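Single-structure report; data block below.
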Amino acid sequence: MARSFDTRPLCPALGAEIIGLDITAPLDDETMQDLYDAWRDNIVLLFNKKDMTQEEQLRFAACFGKIGERPKPKDARPEDYSKLDAAFMLVTNIRENGKPIGTLPDGEMMFHHDTIYKERPHIGTLLYAIEVPSVGGNTKFTNLYKAYDALPDDVKQKIDGRKALHLYDYDRISERNTAEGAGDLLERYSHPVAITHPRSGRKALYVNRLMTAEIEGLSHDESEEILNLMFDTAERPEHVYDHKWTPGDLLLWDNFCSSHARTDFSDGEVRLLRRCQVEAESAPAA
Ligand SMILES: [Fe+2]
């Protein structure tokens, strides 16, 4: 039977736009299976729906897995979060009385995987654009299947069976997170340097420039050399999609086979997006 929606590739590296589907209407099993397959194959899916409510976003997100808990510890969240459904976090530079009402407010953010520093990272992120700047504040995505495939054979051998340590201090978004000098909120966990995606069965690189501190069991210099090569490979233009947001855009992405970054934008313009996440069936495994 024909699919109930069309797809349009976003760029050669990854990503597809889903066209002709109302994601706030009930979706039948066949359509859901087609969407699930499209997500697995394209890594990032783009939908557009104006004025989507929190409830509608949550109901749609729940089609892709169990809704994940907001990662930031309670005592580190802005006070305003009491008004928001517990699953959401606001990504915004809006301030009230000088204090940001959301998280990750300003400027550039280096490539990262959402919640990779936890034992059970969330596989899916759904980010909905409410208000966006006229220039910048884009989200860039890497295809980490392609990045893994592009690694030299000796590097693939060297990382085989190894783990990398990931660290995150919730305020450090534009410089590498390492243990030295990190704040109280620093979270950490080690995962395999390359993982087998639980849904596609394909191997993906699982490190990023913002949060990956070291490859365990190697000297500092060797770890740095291999990590930098892997970061550079992941971020090559032919492995990247650069998304310029339009209000009403909802992006669904897979954190087990892609990383993402934010480009800089003017602090004179408002950027407001609403994020929720879905859990994976299992922890990332080699
Ligand atoms: Fe992120």
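Naming works like this for the structure tokens: A, B, ... for the chains as they're shown, residue 1 at the start of each chain, ligands 1 onward in shown order.
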
Counting only C-alpha atoms and all ligand atoms, which residues of chain A fall within 7 Å of ligand 1, and what is the closest atom pair for each with its distance in Å at one decimal, ordered by chain and rising number, as JSON lines?
```
{"residue": "A:His112", "atom": "CA", "partner": "ligand 1", "partner_atom_place_in_ligand_line": "1 (Fe)", "distance": 6.3}
{"residue": "A:His113", "atom": "CA", "partner": "ligand 1", "partner_atom_place_in_ligand_line": "1 (Fe)", "distance": 6.2}
{"residue": "A:Asp114", "atom": "CA", "partner": "ligand 1", "partner_atom_place_in_ligand_line": "1 (Fe)", "distance": 4.8}
{"residue": "A:His260", "atom": "CA", "partner": "ligand 1", "partner_atom_place_in_ligand_line": "1 (Fe)", "distance": 6.3}
{"residue": "A:Ala261", "atom": "CA", "partner": "ligand 1", "partner_atom_place_in_ligand_line": "1 (Fe)", "distance": 6.9}
```

File dump, residues just selected, all heavy atoms, as a PDB file, in the first residue's frame:
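again.pdb, written as the output of this step:
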```pdb
ATOM      1  N   HIS A 112      27.615  17.739  20.005  1.00  0.00           N
ATOM      2  CA  HIS A 112      27.393  16.877  21.174  1.00  0.00           C
ATOM      3  C   HIS A 112      26.254  15.908  20.889  1.00  0.00           C
ATOM      4  O   HIS A 112      25.495  16.078  19.921  1.00  0.00           O
ATOM      5  CB  HIS A 112      27.051  17.735  22.397  1.00  0.00           C
ATOM      6  CG  HIS A 112      25.773  18.491  22.232  1.00  0.00           C
ATOM      7  ND1 HIS A 112      25.695  19.660  21.499  1.00  0.00           N
ATOM      8  CD2 HIS A 112      24.508  18.239  22.669  1.00  0.00           C
ATOM      9  CE1 HIS A 112      24.447  20.077  21.502  1.00  0.00           C
ATOM     10  NE2 HIS A 112      23.700  19.237  22.194  1.00  0.00           N
ATOM     11  N   HIS A 113      26.127  14.893  21.748  1.00  0.00           N
ATOM     12  CA  HIS A 113      24.960  14.008  21.749  1.00  0.00           C
ATOM     13  C   HIS A 113      24.178  14.352  23.024  1.00  0.00           C
ATOM     14  O   HIS A 113      24.772  14.369  24.106  1.00  0.00           O
ATOM     15  CB  HIS A 113      25.368  12.544  21.892  1.00  0.00           C
ATOM     16  CG  HIS A 113      26.221  11.972  20.809  1.00  0.00           C
ATOM     17  ND1 HIS A 113      27.524  12.347  20.597  1.00  0.00           N
ATOM     18  CD2 HIS A 113      25.950  11.005  19.904  1.00  0.00           C
ATOM     19  CE1 HIS A 113      28.022  11.627  19.594  1.00  0.00           C
ATOM     20  NE2 HIS A 113      27.083  10.797  19.163  1.00  0.00           N
ATOM     21  N   ASP A 114      22.875  14.530  22.920  1.00  0.00           N
ATOM     22  CA  ASP A 114      22.098  14.816  24.131  1.00  0.00           C
ATOM     23  C   ASP A 114      22.202  13.631  25.106  1.00  0.00           C
ATOM     24  O   ASP A 114      21.982  12.485  24.716  1.00  0.00           O
ATOM     25  CB  ASP A 114      20.619  15.057  23.770  1.00  0.00           C
ATOM     26  CG  ASP A 114      20.441  16.341  22.967  1.00  0.00           C
ATOM     27  OD1 ASP A 114      21.283  17.248  23.083  1.00  0.00           O
ATOM     28  OD2 ASP A 114      19.447  16.426  22.220  1.00  0.00           O
ATOM     29  N   HIS A 260      25.006  16.872  17.182  1.00  0.00           N
ATOM     30  CA  HIS A 260      24.489  18.127  16.654  1.00  0.00           C
ATOM     31  C   HIS A 260      25.147  19.309  17.352  1.00  0.00           C
ATOM     32  O   HIS A 260      25.707  19.174  18.440  1.00  0.00           O
ATOM     33  CB  HIS A 260      22.958  18.193  16.772  1.00  0.00           C
ATOM     34  CG  HIS A 260      22.473  17.990  18.175  1.00  0.00           C
ATOM     35  ND1 HIS A 260      22.383  16.742  18.764  1.00  0.00           N
ATOM     36  CD2 HIS A 260      22.079  18.868  19.124  1.00  0.00           C
ATOM     37  CE1 HIS A 260      21.946  16.878  20.000  1.00  0.00           C
ATOM     38  NE2 HIS A 260      21.767  18.156  20.249  1.00  0.00           N
ATOM     39  N   ALA A 261      25.084  20.468  16.692  1.00  0.00           N
ATOM     40  CA  ALA A 261      25.712  21.689  17.199  1.00  0.00           C
ATOM     41  C   ALA A 261      24.814  22.865  16.857  1.00  0.00           C
ATOM     42  O   ALA A 261      23.960  22.765  15.969  1.00  0.00           O
ATOM     43  CB  ALA A 261      27.070  21.885  16.543  1.00  0.00           C
TER      44      ALA A 261
END
```

Closest-contact table, segment 162-245 of chain A side, partner segment 133-151 of chain A, 12 Å, counting only C-alpha atoms, as CSV:
```
residue,atom,partner,partner_atom,distance
A:Val193,CA,A:Tyr148,CA,10.1
A:Ala194,CA,A:Tyr148,CA,7.6
A:Ile195,CA,A:Tyr145,CA,9.7
A:Thr196,CA,A:Tyr145,CA,9.6
A:His197,CA,A:Tyr145,CA,9.3
A:Ser200,CA,A:Tyr145,CA,10.3
A:Gly201,CA,A:Tyr145,CA,10.7
A:Arg202,CA,A:Tyr145,CA,7.1
A:Lys203,CA,A:Tyr145,CA,6.1
A:Ala204,CA,A:Tyr145,CA,4.4
A:Leu205,CA,A:Tyr148,CA,5.0
A:Tyr206,CA,A:Leu144,CA,7.4
A:Val207,CA,A:Leu144,CA,9.1
A:Asn208,CA,A:Leu144,CA,10.0
A:Arg209,CA,A:Thr142,CA,11.9
A:Ile226,CA,A:Leu151,CA,10.1
A:Leu227,CA,A:Leu151,CA,11.4
A:Asn228,CA,A:Leu151,CA,11.9
A:Leu229,CA,A:Leu151,CA,8.5
A:Met230,CA,A:Leu151,CA,7.4
A:Phe231,CA,A:Ala147,CA,9.0
A:Asp232,CA,A:Ala147,CA,9.2
A:Thr233,CA,A:Ala147,CA,5.8
A:Ala234,CA,A:Ala147,CA,4.9
A:Glu235,CA,A:Thr142,CA,6.3
A:Arg236,CA,A:Thr142,CA,8.4
A:Pro237,CA,A:Thr142,CA,8.8
A:Glu238,CA,A:Thr142,CA,9.0
A:His239,CA,A:Asn143,CA,5.4
A:Val240,CA,A:Thr142,CA,4.5
A:Tyr241,CA,A:Phe141,CA,5.1
A:Asp242,CA,A:Lys140,CA,4.2
A:His243,CA,A:Thr139,CA,5.2
A:Lys244,CA,A:Asn138,CA,4.8
A:Trp245,CA,A:Asn138,CA,6.3
```

| query | What lies within 12 Å of Leu104 of chain A using only C-alpha atoms, ignoring chain neighbours under 2 positions off, as number ranges by chain? | reply | A: 72, 77-78, 89-95, 100-102, 106-110, 137, 169-174, 261-262, 271-275

| Separation of atom CA of Leu10 of chain A from atom CA of Arg120 of chain A, in Å and rounded to one decimal | 29.3 Å

| Of the residues A:Lys118, A:Gly15, A:Leu27, A:Pro105, which is the one nearest to Phe265 of chain A, using only C-alpha atoms? |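 So, comparing all the options, the nearest one is A:Pro105.
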
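Here atom CA of Ala2 of chain A is placed at a distance of 16.5 Å from atom CA of Asp22 of chain A.
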
| field | Atomic distance atom CA of Phe5 of chain A - atom CA of Gly68 of chain A, expressed in Å with one decimal | value | 27.1 Å

| query | Per DSSP on the backbone, what are the strand (DSSP E) residues of segment 116-149 of chain A, as a VMD selection string? | reply | chain A and resid 122 to 131 139 to 142

Could you please take those selected residues and save C-alpha atoms as a compact mmCIF listing (two decimals), in the first residue's frame?
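For reference, result34.txt as written:
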```txt
# COMPACT_ATOMS: atom_id res chain seq x y z
CA HIS A 122 18.08 9.19 25.42
CA ILE A 123 17.92 7.95 21.84
CA GLY A 124 15.51 10.52 20.45
CA THR A 125 15.15 14.28 20.80
CA LEU A 126 12.12 16.23 19.55
CA LEU A 127 12.79 19.97 19.34
CA TYR A 128 9.97 22.33 18.35
CA ALA A 129 10.62 25.88 17.14
CA ILE A 130 8.31 28.56 18.54
CA GLU A 131 10.39 31.68 17.76
CA THR A 139 21.24 23.28 14.27
CA LYS A 140 23.85 21.21 12.42
CA PHE A 141 23.75 17.41 12.40
CA THR A 142 26.42 14.83 11.62
```

| said: Under the rule that only C-alpha atoms are counted, which of A:Glu55, A:Ile18, A:Val132, A:Leu167 is the nearest residue to Thr246 of chain A? | reply: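 Among A:Glu55, A:Ile18, A:Val132, A:Leu167, it is A:Val132 that comes nearest to Thr246 of chain A.
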
| Pick the closest to Glu56 of chain A from A:Leu35, A:Cys11, A:Ile116, A:Cys276: which is it, counting only C-alpha atoms? |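 Nearest candidate to Glu56 of chain A out of A:Leu35, A:Cys11, A:Ile116, A:Cys276: A:Cys276.
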
| task | If you run DSSP over the backbone, which residues in segment 82-205 of chain A end up alpha helix (DSSP H)? Put them as a list of chain:residue names. | result |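 Filtering segment 82-205 of chain A to alpha helix (DSSP H) leaves A:Leu144, A:Tyr145, A:Lys146, A:Ala147, A:Tyr148, A:Asp149, A:Asp153, A:Asp154, A:Val155, A:Lys156, A:Gln157, A:Lys158, A:Ile159.
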
Produce a file of the selected residues containing N, CA and C atoms, as a short mmCIF file (atom, residue, chain, number, x, y, z; two decimals), in the first residue's frame.
```cif
data_model
loop_
_atom_site.label_atom_id
_atom_site.label_comp_id
_atom_site.auth_asym_id
_atom_site.auth_seq_id
_atom_site.Cartn_x
_atom_site.Cartn_y
_atom_site.Cartn_z
N LEU A 144 26.85 9.89 11.83
CA LEU A 144 27.98 9.19 12.46
C LEU A 144 28.13 7.74 11.97
N TYR A 145 27.22 7.27 11.13
CA TYR A 145 27.47 6.02 10.39
C TYR A 145 28.53 6.30 9.34
N LYS A 146 28.31 7.38 8.58
CA LYS A 146 29.26 7.74 7.52
C LYS A 146 30.63 8.06 8.13
N ALA A 147 30.61 8.74 9.28
CA ALA A 147 31.88 9.10 9.92
C ALA A 147 32.64 7.84 10.34
N TYR A 148 31.94 6.87 10.89
CA TYR A 148 32.62 5.63 11.27
C TYR A 148 33.20 4.94 10.04
N ASP A 149 32.38 4.84 8.99
CA ASP A 149 32.84 4.17 7.76
C ASP A 149 34.07 4.86 7.17
N ASP A 153 41.37 2.26 8.59
CA ASP A 153 41.27 0.93 9.21
C ASP A 153 42.06 0.81 10.51
N ASP A 154 43.25 1.44 10.56
CA ASP A 154 44.05 1.29 11.79
C ASP A 154 43.37 1.98 12.98
N VAL A 155 42.63 3.05 12.71
CA VAL A 155 41.90 3.73 13.80
C VAL A 155 40.72 2.86 14.24
N LYS A 156 40.02 2.27 13.26
CA LYS A 156 38.92 1.36 13.62
C LYS A 156 39.42 0.24 14.52
N GLN A 157 40.60 -0.29 14.17
CA GLN A 157 41.16 -1.38 14.99
C GLN A 157 41.52 -0.88 16.39
N LYS A 158 42.09 0.31 16.43
CA LYS A 158 42.56 0.87 17.70
C LYS A 158 41.39 1.13 18.67
N ILE A 159 40.25 1.53 18.15
CA ILE A 159 39.12 1.85 19.04
C ILE A 159 38.24 0.63 19.33
#
```

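Contact shell of Asp6 of chain A at 12 Å (only C-alpha atoms; same-chain neighbours under 5 positions omitted): A:Ala16, A:Glu17, A:Ile18, A:Ile19, A:Gly20, A:Leu21, A:Asp22, A:Thr31, A:Asp34, A:Leu35, A:Ala38, A:Leu45, A:Leu46, A:Phe47.
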
| note | Counting only C-alpha atoms, the residue among A:Ala61, A:Arg199, A:Ala87, A:Val44 that lies closest to Glu281 of chain A is A:Arg199

| task | Compare A:Lys163, A:His191, A:Lys74, A:Lys49 by their minimum atom-to-atom distance to Thr115 of chain A, counting only C-alpha atoms, and give me the closest one. | result |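 Checking each of A:Lys163, A:His191, A:Lys74, A:Lys49 against Thr115 of chain A, counting only C-alpha atoms, the winner is A:His191.
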